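Trainee: Coordinates in entry_33.txt, compact mmCIF, N, CA and C atoms, are listed below.
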# COMPACT_ATOMS: atom_id res chain seq x y z
N MET F 1 0.82 -1.19 0.00
CA MET F 1 0.00 0.00 0.00
C MET F 1 0.87 1.26 0.00
N LEU F 2 1.89 1.29 0.84
CA LEU F 2 2.79 2.43 0.90
C LEU F 2 3.54 2.59 -0.42
N THR F 3 3.93 1.49 -1.03
CA THR F 3 4.64 1.55 -2.30
C THR F 3 3.76 2.17 -3.37
N ALA F 4 2.49 1.79 -3.41
CA ALA F 4 1.56 2.35 -4.39
C ALA F 4 1.39 3.85 -4.18
N LEU F 5 1.29 4.28 -2.94
CA LEU F 5 1.16 5.70 -2.63
C LEU F 5 2.39 6.47 -3.09
N VAL F 6 3.56 5.93 -2.83
CA VAL F 6 4.81 6.58 -3.25
C VAL F 6 4.87 6.70 -4.77
N ILE F 7 4.46 5.64 -5.47
CA ILE F 7 4.47 5.66 -6.93
C ILE F 7 3.50 6.73 -7.46
N VAL F 8 2.31 6.81 -6.87
CA VAL F 8 1.34 7.83 -7.28
C VAL F 8 1.90 9.23 -7.04
N LEU F 9 2.46 9.47 -5.88
CA LEU F 9 3.02 10.79 -5.57
C LEU F 9 4.18 11.15 -6.49
N LEU F 10 5.03 10.20 -6.80
CA LEU F 10 6.12 10.45 -7.74
C LEU F 10 5.58 10.75 -9.13
N GLY F 11 4.51 10.06 -9.53
CA GLY F 11 3.87 10.33 -10.82
C GLY F 11 3.31 11.74 -10.88
N ILE F 12 2.65 12.16 -9.82
CA ILE F 12 2.11 13.52 -9.77
C ILE F 12 3.24 14.54 -9.83
N ALA F 13 4.30 14.30 -9.10
CA ALA F 13 5.45 15.22 -9.11
C ALA F 13 6.06 15.30 -10.51
N ALA F 14 6.19 14.16 -11.19
CA ALA F 14 6.76 14.14 -12.53
C ALA F 14 5.89 14.93 -13.51
N VAL F 15 4.58 14.73 -13.44
CA VAL F 15 3.67 15.46 -14.31
C VAL F 15 3.76 16.96 -14.03
N SER F 16 3.82 17.33 -12.77
CA SER F 16 3.91 18.73 -12.39
C SER F 16 5.17 19.37 -12.94
N VAL F 17 6.30 18.68 -12.84
CA VAL F 17 7.56 19.22 -13.37
C VAL F 17 7.46 19.37 -14.88
N TRP F 18 6.91 18.36 -15.56
CA TRP F 18 6.79 18.41 -17.02
C TRP F 18 5.89 19.58 -17.44
N VAL F 19 4.73 19.74 -16.77
CA VAL F 19 3.79 20.80 -17.13
C VAL F 19 4.40 22.17 -16.86
N ARG F 20 5.05 22.34 -15.71
CA ARG F 20 5.61 23.65 -15.34
C ARG F 20 6.79 24.07 -16.20
N THR F 21 7.53 23.11 -16.74
CA THR F 21 8.71 23.47 -17.53
C THR F 21 8.43 23.53 -19.03
N ARG F 22 7.25 23.08 -19.44
CA ARG F 22 6.89 23.11 -20.86
C ARG F 22 6.52 24.54 -21.24
N PRO F 23 7.16 25.10 -22.26
CA PRO F 23 6.82 26.48 -22.65
C PRO F 23 5.41 26.57 -23.25
N VAL F 24 4.81 27.73 -23.12
CA VAL F 24 3.50 27.97 -23.71
C VAL F 24 3.71 28.16 -25.22
N PRO F 25 3.04 27.36 -26.05
CA PRO F 25 3.20 27.49 -27.50
C PRO F 25 2.76 28.87 -27.99
N GLU F 26 3.45 29.39 -28.98
CA GLU F 26 3.14 30.71 -29.52
C GLU F 26 1.70 30.80 -30.02
N ASP F 27 1.18 29.72 -30.63
CA ASP F 27 -0.19 29.79 -31.14
C ASP F 27 -1.22 29.94 -30.01
N ALA F 28 -0.88 29.54 -28.80
CA ALA F 28 -1.78 29.71 -27.66
C ALA F 28 -1.84 31.17 -27.22
N LEU F 29 -0.85 31.96 -27.63
CA LEU F 29 -0.80 33.38 -27.28
C LEU F 29 -1.48 34.26 -28.33
N ALA F 30 -1.93 33.65 -29.44
CA ALA F 30 -2.57 34.41 -30.52
C ALA F 30 -3.82 35.12 -30.01
N TRP F 31 -4.06 36.31 -30.54
CA TRP F 31 -5.21 37.09 -30.11
C TRP F 31 -6.51 36.44 -30.56
N PRO F 32 -7.51 36.40 -29.68
CA PRO F 32 -8.80 35.81 -30.05
C PRO F 32 -9.45 36.62 -31.18
N LYS F 33 -10.13 35.93 -32.05
CA LYS F 33 -10.84 36.59 -33.14
C LYS F 33 -12.32 36.29 -32.97
N GLY F 34 -13.13 37.29 -33.23
CA GLY F 34 -14.56 37.10 -33.14
C GLY F 34 -15.27 38.43 -33.10
N ASP F 35 -16.57 38.37 -33.21
CA ASP F 35 -17.41 39.57 -33.15
C ASP F 35 -18.35 39.36 -31.97
N TRP F 36 -17.87 39.69 -30.78
CA TRP F 36 -18.60 39.38 -29.56
C TRP F 36 -19.50 40.53 -29.14
N SER F 37 -20.67 40.18 -28.68
CA SER F 37 -21.59 41.16 -28.12
C SER F 37 -21.25 41.34 -26.64
N ILE F 38 -21.84 42.33 -26.03
CA ILE F 38 -21.61 42.58 -24.61
C ILE F 38 -22.16 41.42 -23.80
N GLY F 39 -21.38 40.98 -22.84
CA GLY F 39 -21.77 39.85 -21.99
C GLY F 39 -20.64 38.85 -21.90
N ASP F 40 -20.95 37.69 -21.35
CA ASP F 40 -19.97 36.62 -21.19
C ASP F 40 -20.24 35.52 -22.21
N HIS F 41 -19.20 35.10 -22.88
CA HIS F 41 -19.28 34.04 -23.89
C HIS F 41 -18.40 32.90 -23.38
N VAL F 42 -19.04 31.87 -22.82
CA VAL F 42 -18.32 30.80 -22.15
C VAL F 42 -18.33 29.54 -23.01
N GLU F 43 -17.17 28.90 -23.10
CA GLU F 43 -17.02 27.61 -23.77
C GLU F 43 -16.29 26.67 -22.81
N SER F 44 -16.14 25.42 -23.20
CA SER F 44 -15.45 24.47 -22.32
C SER F 44 -13.97 24.80 -22.15
N THR F 45 -13.42 25.58 -23.06
CA THR F 45 -12.00 25.90 -23.01
C THR F 45 -11.71 27.28 -22.41
N GLY F 46 -12.75 28.06 -22.13
CA GLY F 46 -12.50 29.37 -21.55
C GLY F 46 -13.67 30.31 -21.71
N ILE F 47 -13.35 31.61 -21.70
CA ILE F 47 -14.37 32.66 -21.69
C ILE F 47 -13.86 33.88 -22.45
N VAL F 48 -14.78 34.59 -23.08
CA VAL F 48 -14.54 35.95 -23.56
C VAL F 48 -15.62 36.79 -22.91
N ALA F 49 -15.22 37.80 -22.14
CA ALA F 49 -16.16 38.69 -21.48
C ALA F 49 -16.01 40.08 -22.08
N VAL F 50 -17.14 40.69 -22.43
CA VAL F 50 -17.14 42.00 -23.07
C VAL F 50 -17.95 42.96 -22.21
N ARG F 51 -17.36 44.10 -21.91
CA ARG F 51 -18.02 45.11 -21.11
C ARG F 51 -17.95 46.45 -21.84
N ALA F 52 -18.92 47.33 -21.57
CA ALA F 52 -18.95 48.68 -22.15
C ALA F 52 -18.99 49.70 -21.02
N PRO F 53 -17.86 49.89 -20.34
CA PRO F 53 -17.82 50.85 -19.22
C PRO F 53 -17.86 52.28 -19.73
N ASP F 54 -18.15 53.22 -18.82
CA ASP F 54 -18.17 54.64 -19.19
C ASP F 54 -16.82 55.09 -19.72
N ASP F 55 -15.75 54.62 -19.12
CA ASP F 55 -14.40 54.98 -19.57
C ASP F 55 -13.58 53.70 -19.77
N PRO F 56 -13.54 53.19 -21.00
CA PRO F 56 -12.84 51.94 -21.27
C PRO F 56 -11.35 51.98 -20.92
N ASP F 57 -10.71 53.15 -21.07
CA ASP F 57 -9.28 53.23 -20.76
C ASP F 57 -9.02 53.06 -19.27
N VAL F 58 -9.87 53.65 -18.44
CA VAL F 58 -9.73 53.49 -16.99
C VAL F 58 -10.02 52.03 -16.61
N ALA F 59 -11.08 51.47 -17.18
CA ALA F 59 -11.42 50.07 -16.88
C ALA F 59 -10.29 49.14 -17.30
N TYR F 60 -9.71 49.38 -18.48
CA TYR F 60 -8.58 48.58 -18.94
C TYR F 60 -7.42 48.69 -17.94
N GLY F 61 -7.09 49.90 -17.52
CA GLY F 61 -5.98 50.09 -16.58
C GLY F 61 -6.22 49.38 -15.26
N ASP F 62 -7.45 49.47 -14.76
CA ASP F 62 -7.78 48.78 -13.50
C ASP F 62 -7.60 47.27 -13.66
N LEU F 63 -8.16 46.72 -14.75
CA LEU F 63 -8.03 45.28 -14.98
C LEU F 63 -6.58 44.87 -15.20
N ALA F 64 -5.83 45.66 -15.93
CA ALA F 64 -4.42 45.33 -16.20
C ALA F 64 -3.64 45.26 -14.89
N ARG F 65 -3.88 46.19 -13.98
CA ARG F 65 -3.18 46.15 -12.68
C ARG F 65 -3.60 44.94 -11.85
N ILE F 66 -4.88 44.60 -11.89
CA ILE F 66 -5.38 43.43 -11.16
C ILE F 66 -4.72 42.16 -11.70
N ILE F 67 -4.67 42.04 -13.01
CA ILE F 67 -4.05 40.86 -13.65
C ILE F 67 -2.56 40.81 -13.32
N GLU F 68 -1.90 41.95 -13.42
CA GLU F 68 -0.47 42.01 -13.15
C GLU F 68 -0.14 41.56 -11.72
N ASP F 69 -1.04 41.83 -10.79
CA ASP F 69 -0.81 41.48 -9.39
C ASP F 69 -1.35 40.11 -9.00
N ALA F 70 -1.97 39.40 -9.95
CA ALA F 70 -2.59 38.11 -9.64
C ALA F 70 -1.53 37.05 -9.33
N PRO F 71 -1.81 36.17 -8.39
CA PRO F 71 -0.86 35.11 -8.05
C PRO F 71 -0.57 34.20 -9.25
N ARG F 72 0.66 33.77 -9.36
CA ARG F 72 1.11 32.81 -10.38
C ARG F 72 0.90 33.32 -11.80
N THR F 73 0.84 34.65 -11.98
CA THR F 73 0.58 35.26 -13.28
C THR F 73 1.80 36.03 -13.75
N THR F 74 2.15 35.82 -15.02
CA THR F 74 3.28 36.50 -15.64
C THR F 74 2.81 37.24 -16.88
N LEU F 75 3.14 38.53 -16.97
CA LEU F 75 2.81 39.27 -18.19
C LEU F 75 3.74 38.83 -19.30
N ARG F 76 3.19 38.55 -20.46
CA ARG F 76 3.98 38.16 -21.62
C ARG F 76 4.11 39.31 -22.61
N GLU F 77 3.12 40.20 -22.62
CA GLU F 77 3.12 41.31 -23.56
C GLU F 77 2.21 42.39 -23.00
N GLY F 78 2.58 43.65 -23.22
CA GLY F 78 1.74 44.76 -22.81
C GLY F 78 1.67 44.93 -21.31
N GLY F 79 0.65 45.68 -20.88
CA GLY F 79 0.47 45.94 -19.47
C GLY F 79 -0.35 47.18 -19.27
N PRO F 80 -0.41 47.70 -18.03
CA PRO F 80 -1.15 48.92 -17.77
C PRO F 80 -0.65 50.05 -18.67
N GLY F 81 -1.58 50.82 -19.23
CA GLY F 81 -1.22 51.95 -20.07
C GLY F 81 -0.83 51.59 -21.49
N GLN F 82 -0.88 50.33 -21.85
CA GLN F 82 -0.45 49.93 -23.19
C GLN F 82 -1.58 49.50 -24.11
N GLY F 83 -2.80 49.37 -23.58
CA GLY F 83 -3.96 49.08 -24.41
C GLY F 83 -4.17 47.62 -24.79
N ARG F 84 -3.15 46.80 -24.61
CA ARG F 84 -3.26 45.36 -24.90
C ARG F 84 -2.36 44.62 -23.93
N LEU F 85 -2.80 43.43 -23.55
CA LEU F 85 -2.05 42.67 -22.56
C LEU F 85 -2.25 41.18 -22.83
N ILE F 86 -1.18 40.43 -22.69
CA ILE F 86 -1.25 38.97 -22.68
C ILE F 86 -0.56 38.51 -21.41
N ALA F 87 -1.22 37.63 -20.67
CA ALA F 87 -0.65 37.10 -19.44
C ALA F 87 -0.85 35.59 -19.38
N VAL F 88 0.03 34.91 -18.66
CA VAL F 88 -0.10 33.48 -18.44
C VAL F 88 -0.22 33.27 -16.94
N THR F 89 -1.30 32.57 -16.54
CA THR F 89 -1.52 32.22 -15.15
C THR F 89 -1.43 30.70 -15.03
N ARG F 90 -0.67 30.23 -14.07
CA ARG F 90 -0.52 28.79 -13.87
C ARG F 90 -1.32 28.33 -12.67
N THR F 91 -1.91 27.12 -12.79
CA THR F 91 -2.69 26.58 -11.69
C THR F 91 -1.77 26.31 -10.50
N ARG F 92 -2.36 26.31 -9.33
CA ARG F 92 -1.60 26.23 -8.09
C ARG F 92 -0.82 24.93 -7.94
N ILE F 93 -1.44 23.80 -8.15
CA ILE F 93 -0.78 22.53 -7.82
C ILE F 93 0.08 22.00 -8.96
N LEU F 94 -0.51 21.78 -10.12
CA LEU F 94 0.25 21.18 -11.21
C LEU F 94 0.90 22.20 -12.15
N GLY F 95 0.44 23.44 -12.11
CA GLY F 95 1.07 24.47 -12.92
C GLY F 95 0.59 24.53 -14.36
N PHE F 96 -0.63 24.03 -14.63
CA PHE F 96 -1.15 24.12 -15.99
C PHE F 96 -1.29 25.59 -16.39
N PRO F 97 -0.86 25.97 -17.60
CA PRO F 97 -0.95 27.37 -18.02
C PRO F 97 -2.30 27.71 -18.62
N ASP F 98 -2.79 28.90 -18.30
CA ASP F 98 -3.97 29.48 -18.92
C ASP F 98 -3.55 30.85 -19.44
N VAL F 99 -4.06 31.23 -20.61
CA VAL F 99 -3.68 32.50 -21.23
C VAL F 99 -4.84 33.49 -21.10
N THR F 100 -4.50 34.72 -20.72
CA THR F 100 -5.47 35.81 -20.64
C THR F 100 -5.07 36.89 -21.63
N HIS F 101 -6.05 37.39 -22.37
CA HIS F 101 -5.87 38.54 -23.25
C HIS F 101 -6.79 39.64 -22.73
N LEU F 102 -6.31 40.87 -22.73
CA LEU F 102 -7.11 42.03 -22.33
C LEU F 102 -6.86 43.13 -23.35
N TRP F 103 -7.96 43.73 -23.86
CA TRP F 103 -7.80 44.79 -24.82
C TRP F 103 -9.06 45.65 -24.87
N THR F 104 -8.94 46.82 -25.50
CA THR F 104 -10.08 47.69 -25.72
C THR F 104 -10.35 47.75 -27.22
N GLU F 105 -11.64 47.89 -27.54
CA GLU F 105 -12.04 47.91 -28.95
C GLU F 105 -13.42 48.56 -29.04
N ASP F 106 -13.54 49.59 -29.86
CA ASP F 106 -14.85 50.22 -30.10
C ASP F 106 -15.57 50.61 -28.82
N GLY F 107 -14.85 51.21 -27.87
CA GLY F 107 -15.46 51.67 -26.63
C GLY F 107 -15.81 50.57 -25.66
N ARG F 108 -15.28 49.37 -25.90
CA ARG F 108 -15.54 48.23 -25.02
C ARG F 108 -14.22 47.69 -24.48
N VAL F 109 -14.33 46.98 -23.37
CA VAL F 109 -13.19 46.26 -22.80
C VAL F 109 -13.47 44.78 -23.00
N LEU F 110 -12.50 44.07 -23.56
CA LEU F 110 -12.65 42.63 -23.79
C LEU F 110 -11.56 41.90 -23.04
N ILE F 111 -11.94 40.82 -22.39
CA ILE F 111 -10.98 39.98 -21.67
C ILE F 111 -11.31 38.53 -21.98
N SER F 112 -10.29 37.79 -22.35
CA SER F 112 -10.50 36.36 -22.62
C SER F 112 -9.53 35.57 -21.77
N GLY F 113 -9.96 34.40 -21.36
CA GLY F 113 -9.11 33.47 -20.64
C GLY F 113 -9.35 32.09 -21.18
N HIS F 114 -8.29 31.39 -21.56
CA HIS F 114 -8.47 30.06 -22.12
C HIS F 114 -7.34 29.13 -21.72
N LEU F 115 -7.65 27.85 -21.75
CA LEU F 115 -6.64 26.84 -21.40
C LEU F 115 -5.63 26.69 -22.53
N VAL F 116 -4.50 26.11 -22.20
CA VAL F 116 -3.47 25.80 -23.19
C VAL F 116 -3.41 24.29 -23.41
N MET F 117 -3.60 23.54 -22.36
CA MET F 117 -3.50 22.08 -22.43
C MET F 117 -4.83 21.47 -22.02
N GLY F 118 -5.29 20.47 -22.77
CA GLY F 118 -6.51 19.77 -22.41
C GLY F 118 -7.70 20.17 -23.26
N LYS F 119 -8.87 19.68 -22.87
CA LYS F 119 -10.10 19.93 -23.62
C LYS F 119 -11.13 20.71 -22.83
N SER F 120 -10.96 20.79 -21.52
CA SER F 120 -11.90 21.51 -20.68
C SER F 120 -11.15 22.12 -19.49
N ASP F 121 -11.48 23.36 -19.19
CA ASP F 121 -10.84 24.00 -18.03
C ASP F 121 -11.71 23.92 -16.78
N MET F 122 -12.84 23.22 -16.86
CA MET F 122 -13.76 23.03 -15.74
C MET F 122 -14.21 24.36 -15.12
N GLY F 123 -14.31 25.40 -15.95
CA GLY F 123 -14.80 26.68 -15.49
C GLY F 123 -13.79 27.56 -14.78
N VAL F 124 -12.54 27.13 -14.75
CA VAL F 124 -11.51 27.88 -14.02
C VAL F 124 -11.31 29.27 -14.60
N ASN F 125 -11.21 29.37 -15.92
CA ASN F 125 -10.97 30.68 -16.53
C ASN F 125 -12.16 31.61 -16.36
N ALA F 126 -13.38 31.09 -16.47
CA ALA F 126 -14.57 31.92 -16.27
C ALA F 126 -14.59 32.47 -14.84
N ARG F 127 -14.29 31.63 -13.86
CA ARG F 127 -14.26 32.10 -12.46
C ARG F 127 -13.17 33.15 -12.27
N ARG F 128 -11.99 32.91 -12.84
CA ARG F 128 -10.89 33.86 -12.67
C ARG F 128 -11.23 35.20 -13.33
N VAL F 129 -11.68 35.16 -14.58
CA VAL F 129 -12.01 36.39 -15.30
C VAL F 129 -13.15 37.14 -14.60
N ARG F 130 -14.19 36.43 -14.19
CA ARG F 130 -15.30 37.09 -13.50
C ARG F 130 -14.86 37.68 -12.16
N GLY F 131 -13.93 37.02 -11.49
CA GLY F 131 -13.38 37.58 -10.25
C GLY F 131 -12.63 38.88 -10.50
N TRP F 132 -11.82 38.89 -11.56
CA TRP F 132 -11.09 40.11 -11.90
C TRP F 132 -12.05 41.22 -12.30
N LEU F 133 -13.09 40.89 -13.06
CA LEU F 133 -14.09 41.89 -13.44
C LEU F 133 -14.79 42.45 -12.20
N ALA F 134 -15.13 41.59 -11.26
CA ALA F 134 -15.77 42.05 -10.02
C ALA F 134 -14.83 42.96 -9.24
N ASP F 135 -13.54 42.59 -9.17
CA ASP F 135 -12.56 43.42 -8.45
C ASP F 135 -12.44 44.81 -9.08
N ALA F 136 -12.66 44.87 -10.40
CA ALA F 136 -12.56 46.15 -11.12
C ALA F 136 -13.91 46.88 -11.18
N GLY F 137 -14.94 46.31 -10.55
CA GLY F 137 -16.26 46.92 -10.56
C GLY F 137 -16.98 46.76 -11.90
N LEU F 138 -16.63 45.74 -12.65
CA LEU F 138 -17.20 45.51 -13.98
C LEU F 138 -17.95 44.18 -14.04
N ASP F 139 -18.55 43.76 -12.94
CA ASP F 139 -19.15 42.45 -12.92
C ASP F 139 -20.52 42.37 -13.59
N GLY F 140 -21.16 43.49 -13.91
CA GLY F 140 -22.40 43.45 -14.68
C GLY F 140 -22.08 43.37 -16.16
N ASP F 141 -22.99 42.83 -16.96
CA ASP F 141 -22.72 42.68 -18.39
C ASP F 141 -22.36 43.99 -19.07
N GLY F 142 -23.10 45.05 -18.81
CA GLY F 142 -22.83 46.31 -19.48
C GLY F 142 -21.81 47.16 -18.77
N ALA F 143 -21.74 47.01 -17.45
CA ALA F 143 -20.86 47.77 -16.56
C ALA F 143 -20.43 49.04 -17.19
When written as structure tokens, how does the structure in this file appear?

Mentor:
Amino acid sequence: MLTALVIVLLGIAAVSVWVRTRPVPEDALAWPKGDWSIGDHVESTGIVAVRAPDDPDVAYGDLARIIEDAPRTTLREGGPGQGRLIAVTRTRILGFPDVTHLWTEDGRVLISGHLVMGKSDMGVNARRVRGWLADAGLDGDGA
């Protein structure tokens, strides 16, 4: 029984090291394409949330700072004051990467979060993005 437990734990550790050291593929960082209406557009692989705040530049800056300060998150491109941002957030235990894009377009703020590995993120990106939107005071669809 102890041997089986040790083997399982070593397997989890090996997977964690492999996942954490694997670079995020460039195609996973590509900007989302679509014609999204205001609201949340959720799929099994992530979310695109669109808001129309009174001042999109202020809302973008607030969200960019929240993302920049998020645990286990690394900015890959852009940031506060730059109008576009790409960030990678890794899960706590195994370190699976998720990609976030933030940008403004036509008086709206758009934020997407999607998985890099697998077929379903089990709602992790939707919860993360909605949490960031709530922290920025943009949790309503139109905000």

Trainee: Any chance you could list, as a list in words, the residues in segment 53-85 of chain F that come up strand (DSSP E or B) when DSSP is run on the backbone?

Mentor: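 In segment 53-85 of chain F, DSSP puts these residues in strand (DSSP E or B): Thr73, Thr74, Leu75, Arg76, Glu77, Gly78, Arg84 and Leu85 of chain F.
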
Trainee: With 6 Å as the cut-off and only C-alpha atoms counted, what is the closest atom pair between each nearby residue of segment 83-114 of chain F and segment 56-62 of chain F? Distances in Å to one decimal, ordered by chain and number, as JSON lines.

Mentor:
{"residue": "F:Gly107", "atom": "CA", "partner": "F:Pro56", "partner_atom": "CA", "distance": 6.0}
{"residue": "F:Arg108", "atom": "CA", "partner": "F:Pro56", "partner_atom": "CA", "distance": 5.9}
{"residue": "F:Val109", "atom": "CA", "partner": "F:Pro56", "partner_atom": "CA", "distance": 5.9}

Trainee: Let's see if you can do this: from backbone DSSP, list all helix (DSSP H, G or I) residues in segment 41-138 of chain F, as a count of residues only.

Mentor: 25

Trainee: Calculate how many Å separate atom C of Leu29 of chain F from atom C of Gly11 of chain F, rounding to one decimal.

Mentor: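 Those two atoms sit 28.9 Å apart.
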
Trainee: To one decimal place, how far is atom C of Gly118 of chain F from atom N of Asp35 of chain F in Å?

Mentor: 22.6 Å

Trainee: One decimal, Å: what's the distance from atom C of Leu94 of chain F over to atom C of Arg20 of chain F, could you say?

Mentor: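 About the pair atom C of Leu94 of chain F and atom C of Arg20 of chain F: they are 7.4 Å apart.
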
Trainee: Mind checking which residues fall within 6 Å of segment 79-82 of chain F, counting only N, CA and C atoms, ignoring those fewer than 3 positions away in the same chain, and posting them as an MDAnalysis selection string?

Mentor: chainID F and resid 61 64:65 85:86

Trainee: Using the selection just defined, write its residues with N, CA and C atoms as a PDB file, in the frame of the given file.

Mentor:
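Result saved to part04.pdb:
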ATOM      1  N   GLY F  61      -7.090  49.900 -17.520  1.00  0.00           N
ATOM      2  CA  GLY F  61      -5.980  50.090 -16.580  1.00  0.00           C
ATOM      3  C   GLY F  61      -6.220  49.380 -15.260  1.00  0.00           C
ATOM      4  N   ALA F  64      -5.830  45.660 -15.930  1.00  0.00           N
ATOM      5  CA  ALA F  64      -4.420  45.330 -16.200  1.00  0.00           C
ATOM      6  C   ALA F  64      -3.640  45.260 -14.890  1.00  0.00           C
ATOM      7  N   ARG F  65      -3.880  46.190 -13.980  1.00  0.00           N
ATOM      8  CA  ARG F  65      -3.180  46.150 -12.680  1.00  0.00           C
ATOM      9  C   ARG F  65      -3.600  44.940 -11.850  1.00  0.00           C
ATOM     10  N   LEU F  85      -2.800  43.430 -23.550  1.00  0.00           N
ATOM     11  CA  LEU F  85      -2.050  42.670 -22.560  1.00  0.00           C
ATOM     12  C   LEU F  85      -2.250  41.180 -22.830  1.00  0.00           C
ATOM     13  N   ILE F  86      -1.180  40.430 -22.690  1.00  0.00           N
ATOM     14  CA  ILE F  86      -1.250  38.970 -22.680  1.00  0.00           C
ATOM     15  C   ILE F  86      -0.560  38.510 -21.410  1.00  0.00           C
TER      16      ILE F  86
END

Trainee: Do a neighbour search on segment 37-42 of chain F at 12 Å with only C-alpha atoms, toss out local chain neighbours closer than 2 positions, and write the hits as a PyMOL selection string.

Mentor: chain F and resi 34-35+44-53+105-114+120-127+129-130+133+138-143

Trainee: Just checking: using only C-alpha atoms, which residue out of F:Gly131, F:Val8, F:Gly137, F:Ala13 ends up closest to Ile67 of chain F?

Mentor: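 Of the candidates, the smallest distance to Ile67 of chain F is held by F:Gly131.
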